[in-house]
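**Q** As input, take my_file29.csv (CSV, C-alpha atoms (C1' of nucleotides)):
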chain,number,residue,atom,x,y,z
A,622,MET,CA,-145.4,-64.5,229.6
A,623,THR,CA,-147.9,-63.3,227.1
A,624,GLU,CA,-148.5,-59.8,228.3
A,625,ARG,CA,-147.3,-56.9,226.2
A,626,MET,CA,-145.2,-58.6,223.5
A,627,PRO,CA,-145.7,-57.6,219.9
A,628,GLN,CA,-148.1,-60.0,218.4
A,629,VAL,CA,-148.0,-61.5,214.9
A,630,THR,CA,-151.2,-61.1,212.9
A,631,ALA,CA,-153.8,-63.8,213.5
A,632,ASP,CA,-153.1,-65.2,210.0
A,633,ALA,CA,-149.4,-65.9,209.9
A,634,ASN,CA,-149.7,-67.6,206.5
A,635,GLN,CA,-148.6,-64.5,204.6
A,636,GLY,CA,-145.4,-63.7,206.6
A,637,GLU,CA,-142.5,-65.4,208.1
A,638,VAL,CA,-142.9,-68.3,210.5
A,639,ARG,CA,-141.4,-67.5,213.9
A,640,ALA,CA,-139.5,-70.4,215.5
A,641,GLY,CA,-139.5,-68.5,218.8
A,642,HIS,CA,-139.1,-70.8,221.8
A,643,LEU,CA,-138.0,-73.8,219.7
A,644,SER,CA,-134.8,-71.9,218.6
A,645,GLY,CA,-133.4,-72.1,222.1
A,646,LEU,CA,-133.9,-75.8,222.6
A,647,VAL,CA,-130.8,-77.9,222.0
A,648,GLY,CA,-133.0,-81.1,221.7
A,649,TYR,CA,-134.9,-79.6,218.8
A,650,HIS,CA,-131.8,-78.7,216.8
A,651,VAL,CA,-130.1,-82.0,217.6
A,652,ARG,CA,-133.2,-83.9,216.3
A,653,ARG,CA,-133.5,-81.9,213.1
A,654,ALA,CA,-129.8,-82.3,212.4
A,655,SER,CA,-129.9,-86.0,213.1
A,656,ASN,CA,-132.9,-86.4,210.7
A,657,ALA,CA,-131.0,-84.5,208.0
A,658,MET,CA,-127.8,-86.5,208.4
A,659,VAL,CA,-129.7,-89.8,208.5
A,660,ALA,CA,-131.7,-88.9,205.4
A,661,ASP,CA,-128.7,-88.0,203.4
A,662,PHE,CA,-126.8,-91.0,204.6
A,663,ALA,CA,-129.6,-93.3,203.5
A,664,GLU,CA,-129.7,-91.6,200.1
A,665,GLN,CA,-126.0,-91.8,199.5
A,666,LEU,CA,-125.7,-95.4,200.5
A,667,GLN,CA,-129.0,-96.6,199.2
A,668,ASP,CA,-127.6,-98.8,196.5
A,669,LEU,CA,-125.4,-100.5,199.0
A,670,GLY,CA,-128.3,-101.3,201.3
A,671,ILE,CA,-126.3,-100.0,204.3
A,672,ARG,CA,-128.1,-97.8,206.8
A,673,PRO,CA,-126.4,-95.9,209.7
A,674,THR,CA,-127.1,-98.7,212.2
A,675,LEU,CA,-125.7,-101.4,209.9
A,676,PHE,CA,-122.6,-99.3,209.2
A,677,ALA,CA,-122.0,-98.7,212.9
A,678,MET,CA,-122.1,-102.5,213.4
A,679,LEU,CA,-119.6,-103.1,210.6
A,680,SER,CA,-117.4,-100.4,211.9
A,681,ILE,CA,-117.3,-101.8,215.5
A,682,LEU,CA,-116.8,-105.3,214.1
A,683,SER,CA,-113.9,-104.2,212.0
A,684,GLU,CA,-112.0,-103.0,215.1
A,685,ASN,CA,-113.3,-105.6,217.5
A,686,PRO,CA,-113.4,-108.9,215.7
A,687,GLY,CA,-115.0,-111.7,217.7
A,688,ILE,CA,-117.2,-109.4,219.8
A,689,ASN,CA,-120.5,-110.9,220.6
A,690,GLN,CA,-124.0,-109.7,219.7
A,691,GLY,CA,-124.9,-108.4,223.1
A,692,LEU,CA,-121.7,-106.4,223.7
A,693,LEU,CA,-121.9,-105.0,220.1
A,694,GLY,CA,-125.5,-103.9,220.8
A,695,ARG,CA,-124.6,-102.3,224.2
A,696,THR,CA,-121.7,-100.4,222.5
A,697,LEU,CA,-124.1,-98.9,220.0
A,698,GLY,CA,-127.0,-98.4,222.3
A,699,ILE,CA,-129.1,-101.1,220.6
A,700,GLN,CA,-131.1,-103.5,222.6
A,701,ARG,CA,-130.6,-107.2,222.5
A,702,ALA,CA,-134.0,-107.9,220.9
A,703,ASN,CA,-133.4,-105.3,218.2
A,704,MET,CA,-130.0,-106.8,217.4
A,705,VAL,CA,-131.5,-110.0,216.1
A,706,PRO,CA,-132.9,-108.8,212.7
A,707,LEU,CA,-129.9,-106.5,212.2
A,708,VAL,CA,-127.4,-109.4,212.6
A,709,SER,CA,-129.7,-111.5,210.5
A,710,ASP,CA,-129.6,-108.9,207.8
A,711,LEU,CA,-125.8,-108.7,207.7
A,712,MET,CA,-125.5,-112.5,207.9
A,713,GLY,CA,-128.0,-113.0,205.1
A,714,ARG,CA,-125.9,-110.8,202.9
A,715,GLY,CA,-122.7,-112.6,203.8
A,716,LEU,CA,-121.1,-109.5,205.3
A,717,ILE,CA,-120.6,-111.1,208.8
A,718,GLU,CA,-120.3,-114.6,210.2
A,719,ARG,CA,-120.8,-116.2,213.5
A,720,ARG,CA,-118.3,-118.5,215.2
A,721,ASP,CA,-118.7,-120.6,218.3
A,722,VAL,CA,-117.2,-119.2,221.4
A,723,PRO,CA,-115.3,-122.0,223.1
A,724,GLY,CA,-116.4,-122.0,226.7
A,725,ASP,CA,-119.7,-120.3,226.3
A,726,LYS,CA,-122.3,-122.2,224.3
A,727,ARG,CA,-124.8,-119.3,224.6
A,728,ALA,CA,-122.8,-116.7,222.7
A,729,PHE,CA,-121.5,-116.3,219.1
A,730,ALA,CA,-118.4,-114.4,218.1
A,731,LEU,CA,-119.1,-112.1,215.3
A,732,HIS,CA,-116.6,-111.4,212.5
A,733,LEU,CA,-116.6,-109.5,209.3
A,734,THR,CA,-116.3,-111.7,206.2
A,735,ARG,CA,-114.0,-110.5,203.4
A,736,ALA,CA,-117.1,-109.2,201.6
A,737,GLY,CA,-118.0,-107.4,204.9
A,738,ALA,CA,-114.6,-105.8,205.2
A,739,ALA,CA,-114.8,-104.7,201.5
A,740,MET,CA,-118.2,-103.3,202.1
A,741,PHE,CA,-117.0,-101.4,205.2
A,742,GLU,CA,-114.2,-99.8,203.2
A,743,GLN,CA,-116.6,-98.8,200.4
A,744,CYS,CA,-119.1,-97.3,202.9
A,745,HIS,CA,-116.2,-95.6,204.7
A,746,ASP,CA,-115.4,-93.6,201.5
A,747,ARG,CA,-119.0,-92.8,200.7
A,748,ILE,CA,-119.6,-91.6,204.2
A,749,ALA,CA,-116.5,-89.4,204.2
A,750,ALA,CA,-117.9,-87.7,201.1
A,751,HIS,CA,-121.4,-87.5,202.7
A,752,GLU,CA,-120.0,-85.8,205.8
A,753,ASP,CA,-117.8,-83.5,203.8
A,754,ARG,CA,-120.9,-82.3,201.9
A,755,MET,CA,-123.3,-82.0,204.8
A,756,LEU,CA,-120.6,-80.3,207.0
A,757,SER,CA,-119.2,-78.1,204.3
A,758,ARG,CA,-120.0,-75.0,206.4
A,759,LEU,CA,-117.9,-76.3,209.3
A,760,ASP,CA,-114.1,-76.4,209.4
A,761,GLU,CA,-112.1,-79.1,211.0
A,762,ALA,CA,-111.9,-77.4,214.4
A,763,GLU,CA,-115.7,-76.8,214.4
A,764,ARG,CA,-116.4,-80.4,213.5
A,765,ASP,CA,-114.2,-81.6,216.4
A,766,GLN,CA,-115.9,-79.1,218.7
A,767,LEU,CA,-119.3,-80.3,217.6
A,768,ILE,CA,-118.4,-83.9,218.4
A,769,ASP,CA,-116.9,-82.8,221.7
A,770,LEU,CA,-120.1,-80.9,222.7
A,771,LEU,CA,-122.4,-83.7,221.7
A,772,GLY,CA,-120.3,-86.1,223.8
A,773,LYS,CA,-121.1,-84.0,226.8
A,774,ILE,CA,-124.8,-84.7,226.5
A,775,ASP,CA,-125.4,-87.0,229.4
A,776,PRO,CA,-127.9,-89.8,229.0
A,777,ASP,CA,-127.4,-90.8,232.6
A,778,ALA,CA,-127.9,-87.4,234.2
B,1212,MET,CA,-105.4,-99.7,205.9
B,1213,THR,CA,-105.0,-102.9,207.9
B,1214,GLU,CA,-101.3,-103.5,207.6
B,1215,ARG,CA,-99.2,-103.1,210.8
B,1216,MET,CA,-101.6,-101.6,213.3
B,1217,PRO,CA,-101.8,-103.1,216.8
B,1218,GLN,CA,-104.6,-105.7,216.7
B,1219,VAL,CA,-107.0,-106.5,219.5
B,1220,THR,CA,-107.3,-110.1,220.5
B,1221,ALA,CA,-109.7,-112.2,218.4
B,1222,ASP,CA,-112.1,-112.3,221.3
B,1223,ALA,CA,-112.8,-108.7,222.3
B,1224,ASN,CA,-115.4,-109.6,224.8
B,1225,GLN,CA,-113.0,-109.4,227.8
B,1226,GLY,CA,-111.6,-106.0,227.1
B,1227,GLU,CA,-112.7,-102.5,226.1
B,1228,VAL,CA,-114.7,-102.0,222.9
B,1229,ARG,CA,-112.9,-99.7,220.5
B,1230,ALA,CA,-115.1,-97.1,218.8
B,1231,GLY,CA,-112.3,-96.3,216.3
B,1232,HIS,CA,-113.6,-94.9,213.0
B,1233,LEU,CA,-117.0,-94.1,214.4
B,1234,SER,CA,-115.6,-91.6,216.9
B,1235,GLY,CA,-114.7,-89.3,214.1
B,1236,LEU,CA,-118.1,-89.2,212.4
B,1237,VAL,CA,-120.3,-86.3,213.3
B,1238,GLY,CA,-123.3,-88.1,212.0
B,1239,TYR,CA,-122.9,-90.9,214.5
B,1240,HIS,CA,-122.6,-88.6,217.4
B,1241,VAL,CA,-125.5,-86.5,216.3
B,1242,ARG,CA,-127.7,-89.6,216.0
B,1243,ARG,CA,-126.7,-91.0,219.4
B,1244,ALA,CA,-127.3,-87.6,221.0
B,1245,SER,CA,-130.6,-87.2,219.3
B,1246,ASN,CA,-131.8,-90.6,220.5
B,1247,ALA,CA,-130.7,-89.8,224.0
B,1248,MET,CA,-132.5,-86.5,224.0
B,1249,VAL,CA,-135.7,-87.9,222.5
B,1250,ALA,CA,-135.8,-90.9,224.9
B,1251,ASP,CA,-135.4,-88.6,227.9
B,1252,PHE,CA,-138.0,-86.2,226.5
B,1253,ALA,CA,-140.5,-89.0,226.0
B,1254,GLU,CA,-139.9,-90.2,229.6
B,1255,GLN,CA,-140.2,-86.8,231.2
B,1256,LEU,CA,-143.4,-85.9,229.3
B,1257,GLN,CA,-144.9,-89.4,229.1
B,1258,ASP,CA,-147.8,-88.6,231.4
B,1259,LEU,CA,-148.7,-85.5,229.3
B,1260,GLY,CA,-148.8,-87.6,226.1
B,1261,ILE,CA,-146.6,-85.0,224.4
B,1262,ARG,CA,-143.8,-86.2,222.1
B,1263,PRO,CA,-141.1,-83.9,220.6
B,1264,THR,CA,-143.0,-83.5,217.3
B,1265,LEU,CA,-146.2,-82.6,219.1
B,1266,PHE,CA,-144.5,-80.1,221.3
B,1267,ALA,CA,-142.8,-78.5,218.3
B,1268,MET,CA,-146.2,-78.1,216.7
B,1269,LEU,CA,-147.7,-76.5,219.8
B,1270,SER,CA,-144.7,-74.2,220.0
B,1271,ILE,CA,-144.9,-73.0,216.5
B,1272,LEU,CA,-148.7,-72.5,216.8
B,1273,SER,CA,-148.3,-70.5,220.0
B,1274,GLU,CA,-146.2,-68.0,218.1
B,1275,ASN,CA,-147.9,-68.2,214.7
B,1276,PRO,CA,-151.6,-68.5,215.4
B,1277,GLY,CA,-153.7,-69.2,212.3
B,1278,ILE,CA,-150.9,-70.9,210.4
B,1279,ASN,CA,-152.1,-73.6,208.2
B,1280,GLN,CA,-151.2,-77.3,208.3
B,1281,GLY,CA,-148.9,-77.3,205.3
B,1282,LEU,CA,-146.8,-74.4,206.4
B,1283,LEU,CA,-146.6,-75.7,209.9
B,1284,GLY,CA,-145.3,-79.0,208.5
B,1285,ARG,CA,-142.8,-77.3,206.2
B,1286,THR,CA,-141.5,-75.2,209.1
B,1287,LEU,CA,-140.9,-78.4,211.1
B,1288,GLY,CA,-139.7,-80.6,208.3
B,1289,ILE,CA,-142.8,-82.8,208.4
B,1290,GLN,CA,-144.4,-83.9,205.3
B,1291,ARG,CA,-148.0,-83.2,204.5
B,1292,ALA,CA,-149.1,-86.8,204.7
B,1293,ASN,CA,-147.5,-87.2,208.1
B,1294,MET,CA,-149.1,-84.1,209.4
B,1295,VAL,CA,-152.6,-85.6,209.2
B,1296,PRO,CA,-152.5,-88.0,212.2
B,1297,LEU,CA,-150.4,-85.5,214.2
B,1298,VAL,CA,-153.0,-82.7,213.8
B,1299,SER,CA,-155.7,-85.3,214.4
B,1300,ASP,CA,-154.1,-86.3,217.7
B,1301,LEU,CA,-153.9,-82.7,219.0
B,1302,MET,CA,-157.4,-82.0,217.8
B,1303,GLY,CA,-158.8,-85.1,219.4
B,1304,ARG,CA,-157.4,-84.0,222.7
B,1305,GLY,CA,-158.8,-80.5,222.4
B,1306,LEU,CA,-155.4,-78.8,222.3
B,1307,ILE,CA,-155.8,-77.2,218.9
B,1308,GLU,CA,-158.7,-76.2,216.7
B,1309,ARG,CA,-159.3,-75.5,213.1
B,1310,ARG,CA,-160.9,-72.4,211.7
B,1311,ASP,CA,-162.0,-71.8,208.1
B,1312,VAL,CA,-159.7,-69.5,206.1
B,1313,PRO,CA,-161.9,-66.9,204.4
B,1314,GLY,CA,-160.8,-66.9,200.8
B,1315,ASP,CA,-159.4,-70.4,200.6
B,1316,LYS,CA,-161.7,-73.3,201.1
B,1317,ARG,CA,-158.9,-75.8,200.9
B,1318,ALA,CA,-157.0,-74.7,204.0
B,1319,PHE,CA,-157.6,-74.6,207.7
B,1320,ALA,CA,-156.2,-72.0,210.1
B,1321,LEU,CA,-154.8,-73.8,213.2
B,1322,HIS,CA,-155.0,-72.3,216.6
B,1323,LEU,CA,-154.1,-73.4,220.1
B,1324,THR,CA,-157.2,-73.8,222.4
B,1325,ARG,CA,-156.9,-72.5,226.0
B,1326,ALA,CA,-156.1,-76.1,227.0
B,1327,GLY,CA,-153.5,-76.2,224.3
B,1328,ALA,CA,-151.9,-73.0,225.5
B,1329,ALA,CA,-151.9,-74.4,229.1
B,1330,MET,CA,-150.4,-77.6,227.9
B,1331,PHE,CA,-147.7,-75.7,226.0
B,1332,GLU,CA,-146.7,-73.8,229.1
B,1333,GLN,CA,-146.6,-77.0,231.2
B,1334,CYS,CA,-144.5,-78.7,228.6
B,1335,HIS,CA,-142.3,-75.7,228.4
B,1336,ASP,CA,-141.4,-76.0,232.1
B,1337,ARG,CA,-140.8,-79.7,232.0
B,1338,ILE,CA,-138.6,-79.4,228.9
B,1339,ALA,CA,-136.5,-76.7,230.5
B,1340,ALA,CA,-135.8,-79.1,233.4
B,1341,HIS,CA,-135.2,-81.9,230.9
B,1342,GLU,CA,-132.6,-79.8,229.0
B,1343,ASP,CA,-131.0,-78.6,232.1
B,1344,ARG,CA,-130.4,-82.1,233.3
B,1345,MET,CA,-129.3,-83.6,230.0
B,1346,LEU,CA,-127.0,-80.6,229.3
B,1347,SER,CA,-125.7,-80.2,232.8
B,1348,ARG,CA,-122.1,-80.6,231.5
B,1349,LEU,CA,-122.5,-77.7,229.1
B,1350,ASP,CA,-122.5,-74.1,230.2
B,1351,GLU,CA,-124.7,-71.5,228.5
B,1352,ALA,CA,-122.0,-70.5,226.0
B,1353,GLU,CA,-121.5,-74.1,225.1
B,1354,ARG,CA,-125.2,-74.7,224.6
B,1355,ASP,CA,-125.4,-71.7,222.3
B,1356,GLN,CA,-122.4,-72.8,220.4
B,1357,LEU,CA,-123.8,-76.3,220.0
B,1358,ILE,CA,-127.0,-74.9,218.5
B,1359,ASP,CA,-125.0,-72.6,216.3
B,1360,LEU,CA,-122.8,-75.5,215.0
B,1361,LEU,CA,-125.9,-77.8,214.4
B,1362,GLY,CA,-127.4,-74.9,212.5
B,1363,LYS,CA,-124.5,-75.0,210.0
B,1364,ILE,CA,-125.3,-78.6,209.0
B,1365,ASP,CA,-126.6,-78.1,205.5
B,1366,PRO,CA,-129.4,-80.4,204.4
B,1367,ASP,CA,-129.3,-78.7,200.9
B,1368,ALA,CA,-125.6,-79.1,200.3
C,800,DT,C1',-130.0,-116.1,239.6
C,801,DA,C1',-127.9,-113.9,235.7
C,802,DT,C1',-126.8,-113.8,230.9
C,803,DT,C1',-127.1,-114.8,225.6
C,804,DG,C1',-129.9,-114.9,222.1
C,805,DT,C1',-134.7,-115.2,220.5
C,806,DT,C1',-139.8,-114.3,219.4
C,807,DA,C1',-143.6,-111.4,219.3
C,808,DT,C1',-145.5,-107.1,219.4
C,809,DA,C1',-146.3,-102.1,219.5
C,810,DC,C1',-145.2,-97.2,218.7
C,811,DT,C1',-143.1,-93.2,216.5
C,812,DC,C1',-141.1,-91.1,212.7
C,813,DT,C1',-140.2,-91.0,208.1
C,814,DA,C1',-141.2,-91.9,203.0
C,815,DT,C1',-143.8,-92.4,198.6
C,816,DA,C1',-147.7,-92.6,195.6
C,817,DA,C1',-152.3,-91.5,194.5
C,818,DC,C1',-156.5,-89.3,195.4
C,819,DT,C1',-160.1,-84.9,196.3
C,820,DA,C1',-161.3,-80.4,196.2
C,821,DT,C1',-160.1,-76.2,195.5
C,822,DA,C1',-157.0,-72.3,193.5
D,605,DT,C1',-151.2,-76.7,186.7
D,606,DA,C1',-150.4,-76.1,191.3
D,607,DT,C1',-151.8,-76.3,196.2
D,608,DA,C1',-154.2,-78.1,200.8
D,609,DG,C1',-155.4,-81.8,202.8
D,610,DT,C1',-156.2,-86.8,202.8
D,611,DT,C1',-155.6,-92.0,202.5
D,612,DA,C1',-152.9,-96.0,202.3
D,613,DT,C1',-148.8,-98.2,202.9
D,614,DA,C1',-144.1,-99.3,203.8
D,615,DG,C1',-139.5,-99.1,206.1
D,616,DA,C1',-136.6,-98.1,210.0
D,617,DG,C1',-135.6,-97.4,215.0
D,618,DT,C1',-136.9,-98.1,219.4
D,619,DA,C1',-139.4,-100.3,223.5
D,620,DT,C1',-141.2,-104.0,226.5
D,621,DA,C1',-142.3,-108.7,228.0
D,622,DA,C1',-141.6,-113.4,228.0
D,623,DC,C1',-139.1,-117.6,226.6
D,624,DA,C1',-135.2,-121.3,226.1
D,625,DA,C1',-130.6,-122.6,226.7
D,626,DT,C1',-126.6,-122.0,229.2
D,627,DA,C1',-123.5,-119.9,232.9
Can the structure from this file be put into structure tokens for me?
**A**
Amino acid sequence: MTERMPQVTADANQGEVRAGHLSGLVGYHVRRASNAMVADFAEQLQDLGIRPTLFAMLSILSENPGINQGLLGRTLGIQRANMVPLVSDLMGRGLIERRDVPGDKRAFALHLTRAGAAMFEQCHDRIAAHEDRMLSRLDEAERDQLIDLLGKIDPDA
Amino acid sequence: MTERMPQVTADANQGEVRAGHLSGLVGYHVRRASNAMVADFAEQLQDLGIRPTLFAMLSILSENPGINQGLLGRTLGIQRANMVPLVSDLMGRGLIERRDVPGDKRAFALHLTRAGAAMFEQCHDRIAAHEDRMLSRLDEAERDQLIDLLGKIDPDA
DNA sequence: TATTGTTATACTCTATAACTATA
DNA sequence: TATAGTTATAGAGTATAACAATA
């Protein structure tokens, strides 16, 4: 593996840094892209106090009113224990509310409040701009293709 | 936006959860995919104690011996302050070593030790298996395409 | 027994500000 | 002034184990 390949000088500080093996790893590129997207998301929605996870919750709730905490978490890949402070956060800001589930005293049905629905719409617009900027070098077909390819990554393989 | 669309029942617990708006967001899919890849990486290399960030460091060092801490960090998108405990970790396990840089008393040249090079090779093989499993639903062309599309995400846009 | 939600805790990655010593 | 490395600290996401109340 290291036999007769051209070698960089012992001090690489002066020249280019070779990415080499890392360039071929999908995981590396996915992680770097995710970090970049999350960082820009956080920056663009900082004043609203909405992070990617919280927005995902608002989004699912807007289309699945009455869903309970556990199913919301499973949908988003968030564990039960980690849902508690997230739900608390949105509740404390009046963006969601809990309602009793008739027939199951363990669970709560979660709903967006009017403020929560308004926040969702506002985030929606900001995020559209954020994605347009970050993905400006991808046309519509490429964006769809990217989503399609990412969806083929199999967490259960 | 919410006028005459078909509505799910108030209690969505019984039926399918609609992803809706989230499905069209590249950022959401990138984040989920990254989490899945990182989680599997961690699981597969747990006994080696190598996480994605540490492997990336070993990888860059294997191809750029003598690079200093700052440039290594910039290459990987890791901030100076966050490099300190990472370098410490690898040093403490004898996987990398520091050498003085003649002509600059501030900097250290980082090098893989023999143990570090061996660890890199072992990780390399494990990660190849990890990627093959996680990406089993993507052929070679699709993996290249995925890397290409991810590379077009512009952190500086 | 299983499920819903909770508490407590720990680890990793990321972020900022401020410091030192050298350049 | 700028750079290399450091310290301290905080926020966010994820992970596990154990518990109470209910199914």
**Q** For a test of reading the model, state the distance in Å between atom C1' of C:DT800 and atom C1' of D:DT620, rounded to one decimal.
**A** 21.1 Å
**Q** Mind pulling up the distance from atom CA of A:Asp721 to atom CA of A:Pro686?
**A** 13.1 Å
**Q** Which is closest to chain B among A:Arg764, A:Arg714, A:Arg747, A:Arg719, if we use all atoms listed in the file?
**A**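 Going through A:Arg764, A:Arg714, A:Arg747, A:Arg719 one by one, the smallest distance to chain B is for A:Arg764.
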**Q** Show me which bits of chain B are within 12 Å of chain D, counting all atoms listed in the file, as a short mmCIF file (atom, residue, chain, number, x, y, z; two decimals) with C-alpha atoms, in the coordinates of the input.
**A**
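result-v2.cif, written as the output of this step:
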data_model
loop_
_atom_site.label_atom_id
_atom_site.label_comp_id
_atom_site.auth_asym_id
_atom_site.auth_seq_id
_atom_site.Cartn_x
_atom_site.Cartn_y
_atom_site.Cartn_z
CA ARG B 1242 -127.70 -89.60 216.00
CA ARG B 1243 -126.70 -91.00 219.40
CA ASN B 1246 -131.80 -90.60 220.50
CA ALA B 1247 -130.70 -89.80 224.00
CA VAL B 1249 -135.70 -87.90 222.50
CA ALA B 1250 -135.80 -90.90 224.90
CA ALA B 1253 -140.50 -89.00 226.00
CA GLU B 1254 -139.90 -90.20 229.60
CA ASN B 1279 -152.10 -73.60 208.20
CA GLN B 1280 -151.20 -77.30 208.30
CA GLY B 1281 -148.90 -77.30 205.30
CA LEU B 1282 -146.80 -74.40 206.40
CA GLY B 1284 -145.30 -79.00 208.50
CA GLN B 1290 -144.40 -83.90 205.30
CA ARG B 1291 -148.00 -83.20 204.50
CA ALA B 1292 -149.10 -86.80 204.70
CA ASN B 1293 -147.50 -87.20 208.10
CA MET B 1294 -149.10 -84.10 209.40
CA VAL B 1295 -152.60 -85.60 209.20
CA PRO B 1296 -152.50 -88.00 212.20
CA VAL B 1298 -153.00 -82.70 213.80
CA SER B 1299 -155.70 -85.30 214.40
CA VAL B 1312 -159.70 -69.50 206.10
CA ASP B 1315 -159.40 -70.40 200.60
CA LYS B 1316 -161.70 -73.30 201.10
CA ARG B 1317 -158.90 -75.80 200.90
CA ALA B 1318 -157.00 -74.70 204.00
CA PHE B 1319 -157.60 -74.60 207.70
CA ALA B 1320 -156.20 -72.00 210.10
#
**Q** Smallest atom-to-atom distance to chain B: which of A:Arg758, A:Arg695, A:His751, A:Arg735, using all atoms listed in the file?
**A**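 Comparing A:Arg758, A:Arg695, A:His751, A:Arg735 against chain B, the winner is A:Arg758.
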**Q** If I take atom CA of B:Leu1306 and atom CA of B:Ser1273, how far is one from the other in Å, to one decimal?
**A**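 Distance reported for this atom pair: 11.2 Å.
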**Q** Using all atoms listed in the file, find each residue in chain C having at least one atom no more than 8 Å away from chain B; report its shortest atom-to-atom pair and that distance in Å (one decimal), rows by chain then rising number, as a tab-separated table.
**A**
residue	atom	partner	partner_atom	distance
C:DA820	C1'	B:Arg1317	CA	7.0
C:DT821	C1'	B:Arg1317	CA	5.5
C:DA822	C1'	B:Asp1315	CA	7.7
**Q** Please dump the current selection as an mmCIF file, in the coordinates of the input; keep C-alpha atoms (C1' of nucleotides).
**A**
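Printed below is result26.cif as written:
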data_model
loop_
_atom_site.group_PDB
_atom_site.id
_atom_site.type_symbol
_atom_site.label_atom_id
_atom_site.label_comp_id
_atom_site.auth_asym_id
_atom_site.auth_seq_id
_atom_site.Cartn_x
_atom_site.Cartn_y
_atom_site.Cartn_z
ATOM 1 C "C1'" DA C 820 -161.300 -80.400 196.200
ATOM 2 C "C1'" DT C 821 -160.100 -76.200 195.500
ATOM 3 C "C1'" DA C 822 -157.000 -72.300 193.500
#
**Q** Calculated over only C-alpha atoms, which of the candidates B:Leu1287, B:Ile1278, B:Ala1352, B:Leu1323 has the smallest distance to chain A?
**A**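 Comparing B:Leu1287, B:Ile1278, B:Ala1352, B:Leu1323 against chain A, the winner is B:Ile1278.
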**Q** Which is closest to chain A among B:Ala1326, B:Ala1340, B:Leu1269, B:Leu1233, if we use all atoms listed in the file?
**A**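 The shortest atom-to-atom distance to chain A comes from B:Leu1233.
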**Q** Calculated over only C-alpha atoms, which of the candidates B:Gly1260, B:Pro1366, B:Pro1313, B:Gly1303 has the smallest distance to chain A?
**A** B:Pro1366
**Q** Residues of chain B within 7 Å of chain A: nearest atom pair and distance (Å, one decimal) for each, counting all atoms listed in the file, sorted by chain and number, as a Markdown table?
**A**
| residue | atom | partner | partner_atom | distance |
| --- | --- | --- | --- | --- |
| B:Val1219 | CA | A:Asn685 | CA | 6.7 |
| B:Ala1221 | CA | A:Gly687 | CA | 5.4 |
| B:Asp1222 | CA | A:Gly687 | CA | 4.7 |
| B:Ala1223 | CA | A:Ile688 | CA | 5.1 |
| B:Asn1224 | CA | A:Ile688 | CA | 5.3 |
| B:Val1228 | CA | A:Asn685 | CA | 6.6 |
| B:Arg1229 | CA | A:Glu684 | CA | 6.4 |
| B:Ala1230 | CA | A:Ile681 | CA | 6.1 |
| B:Gly1231 | CA | A:Glu684 | CA | 6.8 |
| B:His1232 | CA | A:Ser680 | CA | 6.8 |
| B:Leu1233 | CA | A:Ser680 | CA | 6.8 |
| B:Val1237 | CA | A:Ile768 | CA | 5.9 |
| B:Gly1238 | CA | A:Met658 | CA | 6.0 |
| B:His1240 | CA | A:Ile768 | CA | 6.4 |
| B:Val1241 | CA | A:Ser655 | CA | 5.5 |
| B:Arg1242 | CA | A:Ser655 | CA | 5.1 |
| B:Ala1244 | CA | A:Leu771 | CA | 6.3 |
| B:Ser1245 | CA | A:Arg652 | CA | 5.2 |
| B:Ala1247 | CA | A:Pro776 | CA | 5.7 |
| B:Met1248 | CA | A:Gly648 | CA | 5.9 |
| B:Ala1267 | CA | A:Leu643 | CA | 6.9 |
| B:Ser1270 | CA | A:Leu643 | CA | 6.7 |
| B:Ile1271 | CA | A:Ala640 | CA | 6.1 |
| B:Glu1274 | CA | A:Arg639 | CA | 6.4 |
| B:Asn1275 | CA | A:Ala633 | CA | 5.5 |
| B:Pro1276 | CA | A:Ala631 | CA | 5.5 |
| B:Gly1277 | CA | A:Asp632 | CA | 4.7 |
| B:Ile1278 | CA | A:Ala633 | CA | 5.2 |
| B:Asn1279 | CA | A:Asn634 | CA | 6.7 |
| B:Arg1344 | CA | A:Ala778 | CA | 5.9 |
| B:Met1345 | CA | A:Asp775 | CA | 5.2 |
| B:Leu1346 | CA | A:Ile774 | CA | 5.4 |
| B:Arg1348 | CA | A:Lys773 | CA | 5.9 |
| B:Leu1349 | CA | A:Lys773 | CA | 6.9 |
| B:Arg1354 | CA | A:Val647 | CA | 7.0 |
| B:Leu1357 | CA | A:Leu767 | CA | 6.5 |
| B:Ile1358 | CA | A:Val647 | CA | 6.0 |
| B:Leu1360 | CA | A:Leu767 | CA | 6.5 |
| B:Leu1361 | CA | A:Ala654 | CA | 6.3 |
| B:Lys1363 | CA | A:Arg758 | CA | 5.8 |
| B:Ile1364 | CA | A:Leu756 | CA | 5.4 |
| B:Asp1365 | CA | A:Met755 | CA | 5.2 |
| B:Pro1366 | CA | A:Ala657 | CA | 5.7 |
| B:Ala1368 | CA | A:Met755 | CA | 5.8 |
**Q** Using only C-alpha atoms, can you tell me which of A:Leu669, A:Leu675, A:Ile717, A:Leu707 comes closest to A:Gln743?
**A** A:Leu669
